[in-house]
Amino acid sequence: MLLALVRLGADAYGMTVRREIENRTGRSLSIGAIYATLERLETKGLIDSSVGEPTAERGGRAKRHFRMTADGELALNASQEAIRRMTLGLRRRWSTT
Amino acid sequence: MSPHRPPRVATWLLGAALTATDRDAVLGDLVEEHGMRVRHSSAVDAGHWYWGQVCRTIPLVVWRRAIRDGWLWTLGAAASAYVAAGFIENVGLALVARLSDGQTPSQPIAIMVGLAALAVAGYLASWMRRGSANVLASLIIIAVFVLSLVFPGRASFWYGVSFLLLGPLAAYAGGRLAERHRKGARMICRGLGVLILSGLVTSCASPAQPPTTSDAALLDELVTLERSALDRWVTMDPDGYLGLYADEITYFDPTTETRINGREAMRARLEPVRTAKLPFTEPRYELIEPKVQGGSDLAVLTYNMVNYAKLSGRGESILARWNATEVYRRVDGRWRIVHSHWSNVQPPPAAPPAQDRP
């Protein structure tokens, strides 16, 4: 989810985050699952959100934009580092190519 | 469904489940993507996708709200208060019965005690969790409604209506008091004390009372036992009564010169009944105006009974008329007859001789 926010930058809101993850992972997600996760991340202070202007294509409803906070960047770095360390030297064990 | 607009029902359903904070963002995202799918695919596919998203999102949203807003805790507090109300009501009724020499409380007193218990429960619910008294009020409506369906006739119509209408109000009032007067709990307790005390005083002072719900339930229970024995008795099977007699049963009827003491003596007396040949067929009986008096462990059941049967060469005739007194005592949680007294209504019918009695 945090990686999707990094990729989308200023254009990160519910619909784009859902499509980004769906396109890159092939997993079909509901908008409810996206918002549930975003809300958890916001509660933890890893992201924050702001409400945009209402638009006609959304039936007059406003977007809710999300962006990563400094704590979110730290958490993402820590997570990536943890994955790197855990996978260090293991590639050969499951890769057959 | 307009090809350019998402399904309205789906939008309304999801909108109802979402909080005001999330509604614009979530619905706006779905509407925007629906529009894109209409342009790139078809309105039907977009509509299916939209419904799929809504159906998958609603359970998540409802669950999140239940957790975030503490719905489960509120429901738990209300259910606990409901259980407490039952306990408080039983204690109150027992106190009233004790203060009035074992008399079962009259229906108005029972209703008043019940409503006071619900008001206390509403107070407790609100004290445990704000807003729980409203949920308790809903639980009371559901419980009264379900009980009246499952046990029809168990309680009088007015008893049920009183609790259906006033029960939720009592719980709500208790909850409101708790919320408005959190610091003035003493005042509320004083008010409830006065309410319960007035119930006790009224109960002790009240003269002859009409049958109460508890009396009616006891009467039903004893008449059911009595009928089960009588149904077997009229077919010359004494085991129904023998099973109901307590070990120390005492017995009188017009043919006994002295009192019969104990179940074994009754067994010996009734044994010949099993093989008796009677000059009638299709026996039946009518149990008239049963009445019960007594308390929780000892009860006197009185009634009149008429025996009918078809005599050879004649139609159905009255064989005997009886005054019956059965004294029941609760032994190991089950009602048993400790004394039985049968007398004929005079004058007896002409012929044939009256059917014998246990």
# chains A, B, ... in the order shown; residues from 1 in each chain; ligands from 1
>>> closest_atom_pairs(of="chain A", to="chain B", cutoff="6 Å", atoms="only C-alpha atoms", output="tab-separated table")
residue	atom	partner	partner_atom	distance
A:Met15	CA	B:Asp29	CA	5.1
A:Ser30	CA	B:Gln53	CA	5.4
A:Gly32	CA	B:Thr57	CA	4.4
A:Glu57	CA	B:Glu32	CA	5.7
A:Arg58	CA	B:Gly28	CA	4.7
A:Arg61	CA	B:Asp24	CA	5.1
A:Ala62	CA	B:Asp24	CA	6.0
A:Lys63	CA	B:Ala25	CA	5.2
A:Arg64	CA	B:Ala25	CA	5.5
>>> residues_around(residues="A:Ala12", least_positions_apart="6", cutoff="8 Å", atoms="only C-alpha atoms", output="list in words")
Ala4, Leu5, His65, Phe66 and Arg67 of chain A
>>> write_last_selection(atoms="N, CA, C and O atoms", output="short mmCIF file (atom, residue, chain, number, x, y, z; two decimals), in the first residue's frame")
data_model
loop_
_atom_site.label_atom_id
_atom_site.label_comp_id
_atom_site.auth_asym_id
_atom_site.auth_seq_id
_atom_site.Cartn_x
_atom_site.Cartn_y
_atom_site.Cartn_z
N ALA A 4 2.46 1.77 -3.32
CA ALA A 4 1.52 2.33 -4.29
C ALA A 4 1.42 3.84 -4.10
O ALA A 4 1.38 4.60 -5.09
N LEU A 5 1.43 4.31 -2.87
CA LEU A 5 1.37 5.75 -2.61
C LEU A 5 2.62 6.45 -3.17
O LEU A 5 2.54 7.55 -3.73
N HIS A 65 -7.26 12.57 -0.91
CA HIS A 65 -5.89 12.27 -1.31
C HIS A 65 -5.07 11.77 -0.13
O HIS A 65 -5.25 12.24 0.99
N PHE A 66 -4.17 10.84 -0.43
CA PHE A 66 -3.31 10.28 0.62
C PHE A 66 -1.85 10.51 0.25
O PHE A 66 -1.49 10.45 -0.94
N ARG A 67 -1.06 10.73 1.25
CA ARG A 67 0.38 10.84 1.00
C ARG A 67 1.14 10.29 2.21
O ARG A 67 0.62 10.28 3.33
#
>>> atom_distance(atom1="atom CA of B:Phe280", atom2="atom CA of B:Arg314")
9.7 Å
>>> closest_residue(among="A:Ile34, A:Val51, A:Leu41, A:Ala56", to="A:Met68", atoms="only C-alpha atoms")
A:Leu41
>>> closest_residue(among="A:Ala10, A:Leu29, A:Ala70, A:Leu76", to="A:Ser50", atoms="only C-alpha atoms")
A:Ala10
>>> closest_residue(among="A:Gly14, A:Gly9, A:Leu46, A:Thr87", to="A:Ala33", atoms="only C-alpha atoms")
A:Gly14
>>> decode(residues="stretch 8-33 of chain A", atoms="N, CA and C atoms", output="PDB file, in the first residue's frame")
ATOM      1  N   LEU A   8       2.249   6.654  -6.952  1.00  0.00           N
ATOM      2  CA  LEU A   8       1.212   7.555  -7.439  1.00  0.00           C
ATOM      3  C   LEU A   8       1.500   9.015  -7.082  1.00  0.00           C
ATOM      4  N   GLY A   9       2.226   9.239  -6.049  1.00  0.00           N
ATOM      5  CA  GLY A   9       2.563  10.617  -5.666  1.00  0.00           C
ATOM      6  C   GLY A   9       1.328  11.421  -5.340  1.00  0.00           C
ATOM      7  N   ALA A  10       1.193  12.579  -6.009  1.00  0.00           N
ATOM      8  CA  ALA A  10       0.085  13.491  -5.695  1.00  0.00           C
ATOM      9  C   ALA A  10      -1.258  12.963  -6.185  1.00  0.00           C
ATOM     10  N   ASP A  11      -1.215  11.944  -7.062  1.00  0.00           N
ATOM     11  CA  ASP A  11      -2.463  11.423  -7.632  1.00  0.00           C
ATOM     12  C   ASP A  11      -2.982  10.210  -6.850  1.00  0.00           C
ATOM     13  N   ALA A  12      -2.515  10.070  -5.600  1.00  0.00           N
ATOM     14  CA  ALA A  12      -2.927   8.893  -4.835  1.00  0.00           C
ATOM     15  C   ALA A  12      -4.241   9.141  -4.107  1.00  0.00           C
ATOM     16  N   TYR A  13      -5.274   8.469  -4.543  1.00  0.00           N
ATOM     17  CA  TYR A  13      -6.539   8.452  -3.803  1.00  0.00           C
ATOM     18  C   TYR A  13      -7.141   7.050  -3.990  1.00  0.00           C
ATOM     19  N   GLY A  14      -8.257   6.780  -3.360  1.00  0.00           N
ATOM     20  CA  GLY A  14      -8.779   5.415  -3.285  1.00  0.00           C
ATOM     21  C   GLY A  14      -8.796   4.652  -4.582  1.00  0.00           C
ATOM     22  N   MET A  15      -9.387   5.267  -5.620  1.00  0.00           N
ATOM     23  CA  MET A  15      -9.529   4.563  -6.887  1.00  0.00           C
ATOM     24  C   MET A  15      -8.179   4.263  -7.535  1.00  0.00           C
ATOM     25  N   THR A  16      -7.289   5.256  -7.533  1.00  0.00           N
ATOM     26  CA  THR A  16      -5.998   5.046  -8.193  1.00  0.00           C
ATOM     27  C   THR A  16      -5.143   4.034  -7.421  1.00  0.00           C
ATOM     28  N   VAL A  17      -5.222   4.076  -6.108  1.00  0.00           N
ATOM     29  CA  VAL A  17      -4.466   3.103  -5.308  1.00  0.00           C
ATOM     30  C   VAL A  17      -4.982   1.697  -5.613  1.00  0.00           C
ATOM     31  N   ARG A  18      -6.298   1.531  -5.656  1.00  0.00           N
ATOM     32  CA  ARG A  18      -6.878   0.212  -5.940  1.00  0.00           C
ATOM     33  C   ARG A  18      -6.435  -0.304  -7.307  1.00  0.00           C
ATOM     34  N   ARG A  19      -6.489   0.590  -8.311  1.00  0.00           N
ATOM     35  CA  ARG A  19      -6.110   0.180  -9.675  1.00  0.00           C
ATOM     36  C   ARG A  19      -4.617  -0.116  -9.759  1.00  0.00           C
ATOM     37  N   GLU A  20      -3.818   0.689  -9.084  1.00  0.00           N
ATOM     38  CA  GLU A  20      -2.365   0.487  -9.108  1.00  0.00           C
ATOM     39  C   GLU A  20      -2.007  -0.907  -8.564  1.00  0.00           C
ATOM     40  N   ILE A  21      -2.589  -1.244  -7.419  1.00  0.00           N
ATOM     41  CA  ILE A  21      -2.273  -2.547  -6.812  1.00  0.00           C
ATOM     42  C   ILE A  21      -2.825  -3.680  -7.673  1.00  0.00           C
ATOM     43  N   GLU A  22      -4.023  -3.474  -8.205  1.00  0.00           N
ATOM     44  CA  GLU A  22      -4.640  -4.504  -9.045  1.00  0.00           C
ATOM     45  C   GLU A  22      -3.809  -4.741 -10.312  1.00  0.00           C
ATOM     46  N   ASN A  23      -3.367  -3.659 -10.928  1.00  0.00           N
ATOM     47  CA  ASN A  23      -2.586  -3.793 -12.169  1.00  0.00           C
ATOM     48  C   ASN A  23      -1.229  -4.444 -11.920  1.00  0.00           C
ATOM     49  N   ARG A  24      -0.594  -4.125 -10.803  1.00  0.00           N
ATOM     50  CA  ARG A  24       0.766  -4.620 -10.563  1.00  0.00           C
ATOM     51  C   ARG A  24       0.811  -6.001  -9.919  1.00  0.00           C
ATOM     52  N   THR A  25      -0.243  -6.344  -9.165  1.00  0.00           N
ATOM     53  CA  THR A  25      -0.204  -7.649  -8.482  1.00  0.00           C
ATOM     54  C   THR A  25      -1.173  -8.660  -9.094  1.00  0.00           C
ATOM     55  N   GLY A  26      -2.145  -8.154  -9.869  1.00  0.00           N
ATOM     56  CA  GLY A  26      -3.135  -9.058 -10.441  1.00  0.00           C
ATOM     57  C   GLY A  26      -4.212  -9.462  -9.444  1.00  0.00           C
ATOM     58  N   ARG A  27      -4.187  -8.852  -8.266  1.00  0.00           N
ATOM     59  CA  ARG A  27      -5.196  -9.182  -7.248  1.00  0.00           C
ATOM     60  C   ARG A  27      -6.352  -8.199  -7.319  1.00  0.00           C
ATOM     61  N   SER A  28      -7.558  -8.756  -7.332  1.00  0.00           N
ATOM     62  CA  SER A  28      -8.737  -7.896  -7.355  1.00  0.00           C
ATOM     63  C   SER A  28      -9.084  -7.486  -5.927  1.00  0.00           C
ATOM     64  N   LEU A  29      -9.108  -6.196  -5.684  1.00  0.00           N
ATOM     65  CA  LEU A  29      -9.382  -5.693  -4.335  1.00  0.00           C
ATOM     66  C   LEU A  29     -10.655  -4.857  -4.338  1.00  0.00           C
ATOM     67  N   SER A  30     -11.348  -4.901  -3.220  1.00  0.00           N
ATOM     68  CA  SER A  30     -12.530  -4.038  -3.105  1.00  0.00           C
ATOM     69  C   SER A  30     -12.095  -2.687  -2.561  1.00  0.00           C
ATOM     70  N   ILE A  31     -12.891  -1.680  -2.887  1.00  0.00           N
ATOM     71  CA  ILE A  31     -12.557  -0.329  -2.415  1.00  0.00           C
ATOM     72  C   ILE A  31     -12.629  -0.281  -0.882  1.00  0.00           C
ATOM     73  N   GLY A  32     -13.483  -1.137  -0.317  1.00  0.00           N
ATOM     74  CA  GLY A  32     -13.597  -1.187   1.157  1.00  0.00           C
ATOM     75  C   GLY A  32     -12.306  -1.661   1.796  1.00  0.00           C
ATOM     76  N   ALA A  33     -11.669  -2.659   1.175  1.00  0.00           N
ATOM     77  CA  ALA A  33     -10.406  -3.182   1.714  1.00  0.00           C
ATOM     78  C   ALA A  33      -9.317  -2.111   1.619  1.00  0.00           C
TER      79      ALA A  33
END
